[in-house]
Each structure stands twice: as structure tokens, then as C-alpha cells.
$ cat work.cif   # mmCIF, C-alpha atoms and all ligand atoms
data_upload
#
loop_
_atom_site.label_atom_id
_atom_site.label_comp_id
_atom_site.auth_asym_id
_atom_site.auth_seq_id
_atom_site.Cartn_x
_atom_site.Cartn_y
_atom_site.Cartn_z
CA MET A 286 0.00 0.00 0.00
CA SER A 287 1.34 3.41 -0.85
CA ILE A 288 0.43 6.84 0.41
CA THR A 289 0.08 9.30 -2.44
CA PHE A 290 0.69 13.03 -2.76
CA ASN A 291 -3.06 13.55 -3.17
CA GLN A 292 -3.88 11.61 -0.02
CA LEU A 293 -1.38 13.68 1.94
CA THR A 294 -2.91 16.89 0.60
CA LYS A 295 -6.36 15.61 1.59
CA TRP A 296 -4.94 14.78 5.01
CA ILE A 297 -3.83 18.32 5.65
CA VAL A 298 -7.10 19.83 4.45
CA ARG A 299 -9.00 17.47 6.74
CA ALA A 300 -6.65 18.15 9.65
CA ALA A 301 -7.10 21.89 9.17
CA GLU A 302 -10.89 21.52 9.25
CA GLN A 303 -10.69 19.49 12.42
CA ILE A 304 -8.27 21.88 14.14
CA MET A 305 -10.52 24.82 13.29
CA LYS A 306 -13.52 22.89 14.62
CA GLN A 307 -11.61 22.08 17.82
CA LYS A 308 -10.19 25.58 18.23
CA ASN A 309 -12.11 26.32 21.43
CA TYR A 310 -11.36 22.94 22.95
CA LEU A 311 -7.62 23.29 22.28
CA THR A 312 -7.71 26.77 23.70
CA GLU A 313 -9.48 25.54 26.86
CA LEU A 314 -6.79 22.91 27.34
CA ASP A 315 -4.15 25.62 27.02
CA GLN A 316 -6.05 27.89 29.42
CA ALA A 317 -5.64 25.24 32.09
CA ILE A 318 -1.85 24.92 31.89
CA GLY A 319 -0.64 27.59 29.46
CA ASP A 320 -1.75 30.95 28.10
CA GLY A 321 -4.89 29.85 26.27
CA ASP A 322 -3.88 30.45 22.68
CA HIS A 323 -3.06 26.99 21.29
CA GLY A 324 -6.35 26.62 19.36
CA ILE A 325 -6.07 30.15 18.02
CA ASN A 326 -2.42 29.71 17.02
CA LEU A 327 -2.92 26.43 15.19
CA SER A 328 -6.18 27.41 13.47
CA ARG A 329 -4.57 30.53 12.07
CA GLY A 330 -1.61 28.51 10.81
CA PHE A 331 -3.52 25.62 9.29
CA GLN A 332 -5.94 27.94 7.52
CA GLU A 333 -2.95 29.51 5.78
CA VAL A 334 -1.44 26.07 5.11
CA VAL A 335 -4.57 24.99 3.23
CA HIS A 336 -4.41 28.15 1.17
CA ASN A 337 -0.72 27.67 0.37
CA ILE A 338 -0.85 23.99 -0.55
CA GLN A 339 -3.82 24.44 -2.85
CA THR A 340 -1.87 26.79 -5.04
CA LEU A 341 1.21 24.57 -5.03
CA GLU A 342 2.19 23.28 -8.48
CA THR A 343 4.06 20.09 -7.69
CA ASP A 344 3.50 16.45 -6.86
CA ASP A 345 6.65 16.22 -4.75
CA ILE A 346 5.79 15.20 -1.17
CA GLY A 347 9.02 16.74 0.12
CA GLN A 348 8.01 20.07 -1.33
CA LEU A 349 4.48 19.73 0.05
CA PHE A 350 5.84 19.15 3.56
CA HIS A 351 8.34 21.97 3.20
CA THR A 352 5.52 24.37 2.33
CA ILE A 353 3.44 23.14 5.27
CA GLY A 354 6.37 23.59 7.66
CA ASN A 355 7.31 27.03 6.38
CA THR A 356 3.76 28.27 6.63
CA LEU A 357 3.38 26.93 10.17
CA ILE A 358 6.58 28.66 11.28
CA GLN A 359 5.43 31.93 9.75
CA LYS A 360 1.80 31.87 10.88
CA VAL A 361 1.37 29.86 14.07
CA GLY A 362 3.70 31.65 16.44
CA GLY A 363 4.14 30.61 20.08
CA ALA A 364 6.12 27.51 20.91
CA SER A 365 4.02 25.26 18.72
CA GLY A 366 4.70 27.16 15.47
CA PRO A 367 8.43 26.46 15.28
CA ILE A 368 7.90 22.97 16.70
CA TYR A 369 5.26 21.84 14.21
CA GLY A 370 7.04 23.77 11.48
CA ILE A 371 10.46 22.23 11.97
CA ALA A 372 8.87 18.79 12.18
CA PHE A 373 7.45 19.13 8.66
CA ILE A 374 10.54 20.84 7.24
CA LYS A 375 13.25 18.57 8.66
CA GLY A 376 11.15 15.42 8.50
CA GLY A 377 9.88 16.25 5.03
CA ALA A 378 13.42 16.61 3.69
CA ILE A 379 13.77 12.82 3.56
CA LEU A 380 10.73 12.63 1.26
CA LYS A 381 12.17 14.98 -1.34
CA GLY A 382 11.41 13.88 -4.90
CA LYS A 383 8.82 11.29 -3.86
CA LYS A 384 5.35 11.21 -5.36
CA GLU A 385 4.20 8.38 -3.13
CA ILE A 386 5.56 6.76 0.01
CA THR A 387 5.14 3.58 2.05
CA VAL A 388 3.96 3.44 5.67
CA SER A 389 7.55 2.72 6.60
CA GLU A 390 8.71 5.89 4.83
CA PHE A 391 6.07 7.85 6.67
CA SER A 392 7.44 6.45 9.94
CA GLN A 393 10.93 7.56 8.87
CA PHE A 394 9.50 11.04 8.33
CA LEU A 395 8.14 10.93 11.90
CA HIS A 396 11.46 9.75 13.33
CA LYS A 397 13.25 12.66 11.63
CA SER A 398 10.58 15.06 12.84
CA VAL A 399 10.98 13.82 16.39
CA GLU A 400 14.74 14.43 16.22
CA ALA A 401 14.10 17.95 14.96
CA ILE A 402 11.53 18.70 17.67
CA LYS A 403 13.90 17.42 20.37
CA GLY A 404 16.64 19.63 18.95
CA ILE A 405 14.63 22.83 18.86
CA GLY A 406 12.60 22.18 22.01
CA LYS A 407 15.40 20.68 24.11
CA SER A 408 12.71 18.24 25.12
CA GLU A 409 12.37 14.50 25.58
CA VAL A 410 9.61 11.92 25.64
CA GLY A 411 7.72 12.13 28.94
CA ASN A 412 8.03 15.92 29.23
CA LYS A 413 4.29 16.35 28.48
CA THR A 414 4.57 17.76 24.97
CA VAL A 415 3.80 16.94 21.34
CA LEU A 416 6.69 14.47 21.53
CA ASP A 417 4.55 12.15 23.64
CA VAL A 418 2.38 11.53 20.60
CA TRP A 419 4.88 11.91 17.72
CA THR A 420 7.52 9.58 19.21
CA PRO A 421 5.41 6.51 20.06
CA LEU A 422 3.56 6.95 16.78
CA ALA A 423 6.81 6.86 14.80
CA ASP A 424 7.65 3.53 16.44
CA TYR A 425 4.11 2.20 16.08
CA LEU A 426 3.99 2.86 12.33
CA GLN A 427 7.43 1.37 11.86
CA GLU A 428 6.38 -1.78 13.69
CA LYS A 429 3.01 -2.16 11.92
CA GLY A 430 4.25 -1.24 8.45
CA GLU A 431 1.93 -2.25 5.64
CA ASN A 432 -0.21 -4.36 8.01
CA ILE A 433 -1.56 -1.35 9.79
CA ASP A 434 -5.22 -1.07 10.78
CA TRP A 435 -6.11 2.62 10.55
CA GLN A 436 -8.88 2.48 13.16
CA GLU A 437 -6.51 0.89 15.65
CA ALA A 438 -3.90 3.53 14.83
CA ILE A 439 -6.43 6.25 15.71
CA SER A 440 -7.12 4.63 19.09
CA TYR A 441 -3.40 4.23 19.71
CA CYS A 442 -2.82 7.87 19.02
CA TRP A 443 -5.48 9.05 21.49
CA GLU A 444 -4.19 6.65 24.15
CA GLN A 445 -0.81 8.37 23.88
CA ALA A 446 -2.35 11.84 24.22
CA GLU A 447 -4.32 10.61 27.25
CA LYS A 448 -1.08 9.54 28.93
CA THR A 449 0.11 13.16 29.07
CA LYS A 450 -2.55 13.76 31.74
CA SER A 451 -0.50 12.07 34.42
CA MET A 452 2.79 13.65 33.30
CA LYS A 453 4.45 16.64 34.91
CA ALA A 454 5.35 19.39 32.44
CA VAL A 455 8.99 20.37 32.39
CA LYS A 456 9.04 22.26 29.06
CA GLY A 457 7.07 25.16 27.67
CA ARG A 458 4.66 27.36 29.59
CA ALA A 459 3.06 24.44 31.43
CA ALA A 460 6.39 23.89 33.20
CA TYR A 461 5.71 27.03 35.26
CA LEU A 462 2.93 25.06 36.96
CA GLY A 463 5.22 22.16 37.84
CA GLU A 464 3.26 19.57 39.86
CA ARG A 465 0.03 21.46 39.19
CA SER A 466 0.26 20.55 35.51
CA ILE A 467 -0.47 16.95 36.51
CA GLY A 468 -4.07 15.95 35.81
CA HIS A 469 -4.35 18.05 32.65
CA LEU A 470 -3.91 16.93 29.04
CA ASP A 471 -1.12 18.58 27.08
CA PRO A 472 -2.70 20.82 24.42
CA GLY A 473 0.00 20.01 21.86
CA ALA A 474 -0.39 16.27 22.37
CA VAL A 475 -4.12 16.65 21.77
CA SER A 476 -3.67 18.79 18.64
CA SER A 477 -1.15 16.22 17.39
CA SER A 478 -3.74 13.50 17.85
CA PHE A 479 -6.28 15.49 15.83
CA LEU A 480 -3.62 15.89 13.16
CA PHE A 481 -2.81 12.18 12.93
CA GLU A 482 -6.42 11.09 13.34
CA ALA A 483 -7.16 13.06 10.17
CA LEU A 484 -4.35 11.21 8.41
CA PHE A 485 -5.52 7.77 9.46
CA GLU A 486 -9.12 8.60 8.53
CA THR A 487 -7.95 9.71 5.09
CA LEU A 488 -5.87 6.58 4.55
CA GLY A 489 -8.63 4.30 5.83
CA GLU A 490 -11.17 5.55 3.30
P1 LIG B 501 2.78 28.81 23.66
O1 LIG B 501 3.06 27.87 24.79
O2 LIG B 501 3.99 29.58 23.24
O3 LIG B 501 1.58 29.67 23.92
P2 LIG B 501 1.13 27.00 22.11
O4 LIG B 501 0.13 27.21 23.16
O5 LIG B 501 0.67 27.19 20.71
O6 LIG B 501 2.43 27.89 22.37
O7 LIG B 501 1.69 25.51 22.18
C1 LIG B 501 1.89 24.85 23.41
C2 LIG B 501 2.31 23.41 23.12
O8 LIG B 501 3.62 23.38 22.54
C3 LIG B 501 2.43 22.56 24.38
O9 LIG B 501 1.18 21.99 24.73
C4 LIG B 501 3.46 21.50 23.99
O10 LIG B 501 2.88 20.36 23.43
C5 LIG B 501 4.29 22.21 22.93
N1 LIG B 501 5.61 22.57 23.47
C6 LIG B 501 5.90 23.64 24.23
N2 LIG B 501 7.23 23.65 24.52
C7 LIG B 501 7.77 22.55 23.95
C8 LIG B 501 9.09 21.99 23.88
N3 LIG B 501 10.13 22.58 24.46
N4 LIG B 501 9.25 20.83 23.20
C9 LIG B 501 8.20 20.23 22.58
N5 LIG B 501 6.95 20.71 22.61
C10 LIG B 501 6.73 21.85 23.27
MG MG B 502 -0.24 28.73 24.49
MG MG B 503 1.32 31.77 23.54
#

$ encode --input "work.cif" --output "C-alpha cells" --more "lines below"
Ligand code: ADP
Ligand code: MG
Ligand code: MG
Amino acid sequence: MSITFNQLTKWIVRAAEQIMKQKNYLTELDQAIGDGDHGINLSRGFQEVVHNIQTLETDDIGQLFHTIGNTLIQKVGGASGPIYGIAFIKGGAILKGKKEITVSEFSQFLHKSVEAIKGIGKSEVGNKTVLDVWTPLADYLQEKGENIDWQEAISYCWEQAEKTKSMKAVKGRAAYLGERSIGHLDPGAVSSSFLFEALFETLGE
């Protein structure tokens, strides 16, 4: 099974719709342990991403991801803008020149993205951030490969986001709360799950 350029474009359009729909929810999550702008930040960015990828004249997945990343860096702001942005730019670089990719190649993209996020965020798995979804998912997709069940992948993704509830934040604004961040979901882990849920829904169609 291969993942095509068109499917990846559909993914991002779907993800953008979902993030805009969940704008208030993401903002509420960020109100609890941050500054309450995560939904606003991401919605603004993804709206622009949709605009920019629809006028893109290429079928190169690397270029698609580069455009997504650049737009997110320019438009999202906050901590999540550079983090999501660098993930698509650095991760997407390994997909340069490809018109379609395997599940395994997508997992390689995620592994590269994770490295880039760790580099820019000085963060690790377990710090209650986006990494707590991106990292296990990279391993999960690598392990499942072409035998993946997309519905199960969606459940897996949300289970990972749920795990951030019991974690103590040590990076980003939530770290100011220390112990008091425990008991709350990480907004970035939740937005990441919406992002990947949209992918798995698209691929499962
Ligand atoms: P800000 O905190 O600047 O207002 P957002 O609210 O848009 O930015 O994004 C917050 C999210 O960014 C957090 O929920 C977390 O997932 C992610 N994040 C923050 N700092 C880091 C970091 N150092 N490494 C990885 N992810 C981070
Ligand atoms: Mg915020
Ligand atoms: Mg902010």
C-alpha cells in the first residue's frame, strides 16, 4: 500500500478543518496549563497552510511538507509554530522527490521530525509535549508497516495523548505550573492526535 501526494494533501485539508472545529477545545486545554492560545495559534496557521498547498504546483511530497512547515513557522507563532514547522521541514526533507511513500517511509518522516523537535525544544519523551504523541507513533507505524489497521492507529494515538494527563510538564509554559500541571492533558499532544487522526481517517477511506 502506498500513500500518495493527493492523499497527503487531503490529510492536511482534513486536519485543518478538524483543528478549526476544535479551536475552542484546544484553547481551553491551554487555558488550564498555558496561556490559552493553542487553538487560536494552530487554526490561524492551518488555515494559511490549506491556502498555500492548494496553489502549489508540484506532486513532490518533500516540497508539500516543506511548504506546510514554512507556513506553520510563519503563521502559528508561540512555541508550537516552530515545533510543528520544523517537524514538517526537517522530516519532510527525507521525502524529497517522492510522489508516493510507504507506511515505513512515513514512519521515517516521523522519526526525523521527532529528532528535529527534540533539537529545537530541548525536550524529551515524557516531558508532556507533542513528543509524547509523535515519538510513540513513529515507532508504532514502523512496527506495523503495511499491516496497519487505521482504526486501531487512531485509538493508539489518542491513548498516547491521554497519557500526558499524568505527566508533569517540564518544558514550555506548562512547566511554570510544575506539579500542578499533573491531571491536565497537554494541548500540543491533543492537537497532534487530531492531526494524525485526520491522516488515518484519510488513509482508511
Ligand atoms: P505557547 O506555549 O507559546 O503559547 P502554544 O500554546 O501554541 O504555544 O503551544 C503549546 C504546546 O507546545 C504545548 O502543549 C506542547 O505540546 C508544545 N511545546 C511547548 N514547549 C515545547 C518543547 N520545548 N518541546 C516540545 N513541545 C513543546
Ligand atoms: Mg499557548
Ligand atoms: Mg502563547

$ closest_residue --input "work.cif" --among "A:Ser476, A:Leu357, A:Lys397, A:Ile288" --to "A:His336" --atoms "all atoms listed in the file"
A:Leu357

$ residues_around --input "work.cif" --residues "stretch 360-371 of chain A" --least-positions-apart "2" --cutoff "6 Å" --atoms "all atoms listed in the file" --output "list in words"
Asn326, Leu327, Gly330, Gly354, Thr356, Leu357, Ile358, Phe373, Ile374, Lys375 and Ile402 of chain A

$ atom_distance --input "work.cif" --atom1 "atom CA of A:Thr449" --atom2 "atom CA of A:Gly463"
13.6 Å

$ atom_distance --input "work.cif" --atom1 "atom CA of A:Gly324" --atom2 "atom CA of A:Gly404"
24.0 Å

$ residues_near_point --input "work.cif" --point "(0.1, 15.9, 26.3)" --cutoff "6 Å" --atoms "all atoms listed in the file" --output "number ranges by chain"
A: 413-414, 446, 449, 470-472, 474

$ residues_near_ligand --input "work.cif" --ligand "ligand MG 502 (chain B)" --cutoff "7 Å" --atoms "only C-alpha atoms and all ligand atoms" --output "PyMOL selection string"
chain A and resi 315+319-323+363

$ atom_distance --input "work.cif" --atom1 "atom CA of A:Asn337" --atom2 "atom CA of A:Phe350"
11.2 Å

$ closest_residue --input "work.cif" --among "A:Glu409, A:Glu400, A:Asp424, A:Glu437" --to "ligand LIG 501 (chain B)" --atoms "only C-alpha atoms and all ligand atoms"
A:Glu409

$ closest_residue --input "work.cif" --among "A:Asn412, A:Gln303, A:Ser440, A:Thr420" --to "A:Ile467" --atoms "only C-alpha atoms"
A:Asn412

$ axis_aligned_box --input "work.cif" --around "stretch 368-375 of chain A" --padding-each-side "5 Å" --output "JSON"
{"center_x": 9.3, "center_y": 21.2, "center_z": 12.0, "size_x": 18.0, "size_y": 15.2, "size_z": 19.5}

$ decode --input "work.cif" --residues "stretch 375-423 of chain A" --atoms "N, CA and C atoms" --output "PDB file, in the first residue's frame"
ATOM      1  N   LYS A 375      12.128  19.516   8.506  1.00  0.00           N
ATOM      2  CA  LYS A 375      13.248  18.569   8.660  1.00  0.00           C
ATOM      3  C   LYS A 375      12.820  17.141   8.334  1.00  0.00           C
ATOM      4  N   GLY A 376      11.647  16.763   8.796  1.00  0.00           N
ATOM      5  CA  GLY A 376      11.152  15.415   8.499  1.00  0.00           C
ATOM      6  C   GLY A 376      10.883  15.259   7.016  1.00  0.00           C
ATOM      7  N   GLY A 377      10.278  16.298   6.442  1.00  0.00           N
ATOM      8  CA  GLY A 377       9.883  16.247   5.033  1.00  0.00           C
ATOM      9  C   GLY A 377      11.069  16.173   4.093  1.00  0.00           C
ATOM     10  N   ALA A 378      12.228  16.613   4.551  1.00  0.00           N
ATOM     11  CA  ALA A 378      13.417  16.609   3.690  1.00  0.00           C
ATOM     12  C   ALA A 378      13.753  15.198   3.197  1.00  0.00           C
ATOM     13  N   ILE A 379      13.436  14.187   3.990  1.00  0.00           N
ATOM     14  CA  ILE A 379      13.767  12.817   3.557  1.00  0.00           C
ATOM     15  C   ILE A 379      12.774  12.299   2.500  1.00  0.00           C
ATOM     16  N   LEU A 380      11.727  13.065   2.247  1.00  0.00           N
ATOM     17  CA  LEU A 380      10.726  12.630   1.259  1.00  0.00           C
ATOM     18  C   LEU A 380      10.851  13.404  -0.054  1.00  0.00           C
ATOM     19  N   LYS A 381      11.930  14.158  -0.162  1.00  0.00           N
ATOM     20  CA  LYS A 381      12.165  14.978  -1.337  1.00  0.00           C
ATOM     21  C   LYS A 381      12.171  14.123  -2.612  1.00  0.00           C
ATOM     22  N   GLY A 382      11.433  14.582  -3.609  1.00  0.00           N
ATOM     23  CA  GLY A 382      11.411  13.885  -4.899  1.00  0.00           C
ATOM     24  C   GLY A 382      10.426  12.727  -4.962  1.00  0.00           C
ATOM     25  N   LYS A 383       9.755  12.436  -3.862  1.00  0.00           N
ATOM     26  CA  LYS A 383       8.824  11.286  -3.859  1.00  0.00           C
ATOM     27  C   LYS A 383       7.389  11.723  -4.143  1.00  0.00           C
ATOM     28  N   LYS A 384       6.749  10.942  -5.010  1.00  0.00           N
ATOM     29  CA  LYS A 384       5.346  11.214  -5.358  1.00  0.00           C
ATOM     30  C   LYS A 384       4.420  10.339  -4.549  1.00  0.00           C
ATOM     31  N   GLU A 385       4.944   9.240  -4.055  1.00  0.00           N
ATOM     32  CA  GLU A 385       4.201   8.377  -3.130  1.00  0.00           C
ATOM     33  C   GLU A 385       5.180   7.707  -2.192  1.00  0.00           C
ATOM     34  N   ILE A 386       4.682   7.333  -1.021  1.00  0.00           N
ATOM     35  CA  ILE A 386       5.557   6.756   0.010  1.00  0.00           C
ATOM     36  C   ILE A 386       4.880   5.550   0.665  1.00  0.00           C
ATOM     37  N   THR A 387       5.687   4.727   1.312  1.00  0.00           N
ATOM     38  CA  THR A 387       5.145   3.583   2.053  1.00  0.00           C
ATOM     39  C   THR A 387       4.877   4.026   3.497  1.00  0.00           C
ATOM     40  N   VAL A 388       4.194   3.166   4.240  1.00  0.00           N
ATOM     41  CA  VAL A 388       3.958   3.444   5.670  1.00  0.00           C
ATOM     42  C   VAL A 388       5.307   3.559   6.380  1.00  0.00           C
ATOM     43  N   SER A 389       6.221   2.700   5.997  1.00  0.00           N
ATOM     44  CA  SER A 389       7.547   2.723   6.603  1.00  0.00           C
ATOM     45  C   SER A 389       8.260   4.058   6.328  1.00  0.00           C
ATOM     46  N   GLU A 390       8.108   4.570   5.124  1.00  0.00           N
ATOM     47  CA  GLU A 390       8.710   5.888   4.826  1.00  0.00           C
ATOM     48  C   GLU A 390       8.041   6.998   5.633  1.00  0.00           C
ATOM     49  N   PHE A 391       6.741   6.849   5.848  1.00  0.00           N
ATOM     50  CA  PHE A 391       6.071   7.853   6.674  1.00  0.00           C
ATOM     51  C   PHE A 391       6.607   7.787   8.104  1.00  0.00           C
ATOM     52  N   SER A 392       6.884   6.578   8.575  1.00  0.00           N
ATOM     53  CA  SER A 392       7.437   6.454   9.939  1.00  0.00           C
ATOM     54  C   SER A 392       8.852   7.043  10.000  1.00  0.00           C
ATOM     55  N   GLN A 393       9.598   6.933   8.901  1.00  0.00           N
ATOM     56  CA  GLN A 393      10.932   7.563   8.867  1.00  0.00           C
ATOM     57  C   GLN A 393      10.811   9.083   8.934  1.00  0.00           C
ATOM     58  N   PHE A 394       9.787   9.594   8.246  1.00  0.00           N
ATOM     59  CA  PHE A 394       9.498  11.037   8.328  1.00  0.00           C
ATOM     60  C   PHE A 394       9.263  11.413   9.801  1.00  0.00           C
ATOM     61  N   LEU A 395       8.452  10.615  10.495  1.00  0.00           N
ATOM     62  CA  LEU A 395       8.142  10.932  11.898  1.00  0.00           C
ATOM     63  C   LEU A 395       9.389  10.859  12.777  1.00  0.00           C
ATOM     64  N   HIS A 396      10.225   9.867  12.533  1.00  0.00           N
ATOM     65  CA  HIS A 396      11.462   9.749  13.328  1.00  0.00           C
ATOM     66  C   HIS A 396      12.345  10.986  13.146  1.00  0.00           C
ATOM     67  N   LYS A 397      12.456  11.442  11.907  1.00  0.00           N
ATOM     68  CA  LYS A 397      13.247  12.658  11.633  1.00  0.00           C
ATOM     69  C   LYS A 397      12.614  13.876  12.293  1.00  0.00           C
ATOM     70  N   SER A 398      11.295  13.942  12.227  1.00  0.00           N
ATOM     71  CA  SER A 398      10.576  15.057  12.841  1.00  0.00           C
ATOM     72  C   SER A 398      10.825  15.097  14.338  1.00  0.00           C
ATOM     73  N   VAL A 399      10.770  13.929  14.947  1.00  0.00           N
ATOM     74  CA  VAL A 399      10.984  13.819  16.392  1.00  0.00           C
ATOM     75  C   VAL A 399      12.380  14.340  16.764  1.00  0.00           C
ATOM     76  N   GLU A 400      13.360  13.939  15.979  1.00  0.00           N
ATOM     77  CA  GLU A 400      14.737  14.433  16.223  1.00  0.00           C
ATOM     78  C   GLU A 400      14.780  15.956  16.152  1.00  0.00           C
ATOM     79  N   ALA A 401      14.098  16.500  15.143  1.00  0.00           N
ATOM     80  CA  ALA A 401      14.100  17.953  14.957  1.00  0.00           C
ATOM     81  C   ALA A 401      13.386  18.652  16.111  1.00  0.00           C
ATOM     82  N   ILE A 402      12.277  18.089  16.556  1.00  0.00           N
ATOM     83  CA  ILE A 402      11.527  18.696  17.673  1.00  0.00           C
ATOM     84  C   ILE A 402      12.392  18.671  18.942  1.00  0.00           C
ATOM     85  N   LYS A 403      13.026  17.531  19.180  1.00  0.00           N
ATOM     86  CA  LYS A 403      13.904  17.417  20.366  1.00  0.00           C
ATOM     87  C   LYS A 403      15.009  18.461  20.319  1.00  0.00           C
ATOM     88  N   GLY A 404      15.547  18.675  19.125  1.00  0.00           N
ATOM     89  CA  GLY A 404      16.639  19.629  18.946  1.00  0.00           C
ATOM     90  C   GLY A 404      16.212  21.050  19.246  1.00  0.00           C
ATOM     91  N   ILE A 405      15.082  21.444  18.699  1.00  0.00           N
ATOM     92  CA  ILE A 405      14.632  22.829  18.856  1.00  0.00           C
ATOM     93  C   ILE A 405      13.982  23.047  20.225  1.00  0.00           C
ATOM     94  N   GLY A 406      13.320  22.028  20.741  1.00  0.00           N
ATOM     95  CA  GLY A 406      12.597  22.177  22.007  1.00  0.00           C
ATOM     96  C   GLY A 406      13.406  21.793  23.229  1.00  0.00           C
ATOM     97  N   LYS A 407      14.578  21.206  23.009  1.00  0.00           N
ATOM     98  CA  LYS A 407      15.400  20.683  24.109  1.00  0.00           C
ATOM     99  C   LYS A 407      14.540  19.796  25.019  1.00  0.00           C
ATOM    100  N   SER A 408      13.662  19.051  24.373  1.00  0.00           N
ATOM    101  CA  SER A 408      12.709  18.241  25.122  1.00  0.00           C
ATOM    102  C   SER A 408      12.881  16.763  24.823  1.00  0.00           C
ATOM    103  N   GLU A 409      12.264  15.962  25.676  1.00  0.00           N
ATOM    104  CA  GLU A 409      12.367  14.504  25.582  1.00  0.00           C
ATOM    105  C   GLU A 409      10.978  13.901  25.739  1.00  0.00           C
ATOM    106  N   VAL A 410      10.853  12.638  25.390  1.00  0.00           N
ATOM    107  CA  VAL A 410       9.608  11.917  25.640  1.00  0.00           C
ATOM    108  C   VAL A 410       9.339  11.936  27.151  1.00  0.00           C
ATOM    109  N   GLY A 411       8.085  12.134  27.518  1.00  0.00           N
ATOM    110  CA  GLY A 411       7.721  12.133  28.938  1.00  0.00           C
ATOM    111  C   GLY A 411       7.687  13.526  29.539  1.00  0.00           C
ATOM    112  N   ASN A 412       8.041  14.540  28.740  1.00  0.00           N
ATOM    113  CA  ASN A 412       8.027  15.920  29.234  1.00  0.00           C
ATOM    114  C   ASN A 412       6.643  16.587  29.119  1.00  0.00           C
ATOM    115  N   LYS A 413       5.655  15.814  28.653  1.00  0.00           N
ATOM    116  CA  LYS A 413       4.287  16.347  28.482  1.00  0.00           C
ATOM    117  C   LYS A 413       4.244  17.365  27.338  1.00  0.00           C
ATOM    118  N   THR A 414       4.601  16.895  26.161  1.00  0.00           N
ATOM    119  CA  THR A 414       4.574  17.761  24.973  1.00  0.00           C
ATOM    120  C   THR A 414       4.082  16.956  23.759  1.00  0.00           C
ATOM    121  N   VAL A 415       4.122  17.606  22.612  1.00  0.00           N
ATOM    122  CA  VAL A 415       3.800  16.943  21.342  1.00  0.00           C
ATOM    123  C   VAL A 415       4.601  15.656  21.144  1.00  0.00           C
ATOM    124  N   LEU A 416       5.812  15.636  21.691  1.00  0.00           N
ATOM    125  CA  LEU A 416       6.687  14.469  21.526  1.00  0.00           C
ATOM    126  C   LEU A 416       6.059  13.192  22.070  1.00  0.00           C
ATOM    127  N   ASP A 417       5.171  13.337  23.039  1.00  0.00           N
ATOM    128  CA  ASP A 417       4.552  12.154  23.644  1.00  0.00           C
ATOM    129  C   ASP A 417       3.504  11.510  22.743  1.00  0.00           C
ATOM    130  N   VAL A 418       3.197  12.168  21.626  1.00  0.00           N
ATOM    131  CA  VAL A 418       2.379  11.527  20.595  1.00  0.00           C
ATOM    132  C   VAL A 418       3.257  11.167  19.386  1.00  0.00           C
ATOM    133  N   TRP A 419       4.070  12.120  18.939  1.00  0.00           N
ATOM    134  CA  TRP A 419       4.876  11.905  17.724  1.00  0.00           C
ATOM    135  C   TRP A 419       5.849  10.727  17.885  1.00  0.00           C
ATOM    136  N   THR A 420       6.488  10.617  19.032  1.00  0.00           N
ATOM    137  CA  THR A 420       7.516   9.579  19.207  1.00  0.00           C
ATOM    138  C   THR A 420       6.935   8.159  19.226  1.00  0.00           C
ATOM    139  N   PRO A 421       5.956   7.879  20.092  1.00  0.00           N
ATOM    140  CA  PRO A 421       5.414   6.515  20.065  1.00  0.00           C
ATOM    141  C   PRO A 421       4.773   6.181  18.721  1.00  0.00           C
ATOM    142  N   LEU A 422       4.191   7.189  18.076  1.00  0.00           N
ATOM    143  CA  LEU A 422       3.558   6.945  16.784  1.00  0.00           C
ATOM    144  C   LEU A 422       4.584   6.566  15.707  1.00  0.00           C
ATOM    145  N   ALA A 423       5.742   7.196  15.754  1.00  0.00           N
ATOM    146  CA  ALA A 423       6.807   6.859  14.802  1.00  0.00           C
ATOM    147  C   ALA A 423       7.176   5.382  14.954  1.00  0.00           C
TER     148      ALA A 423
END
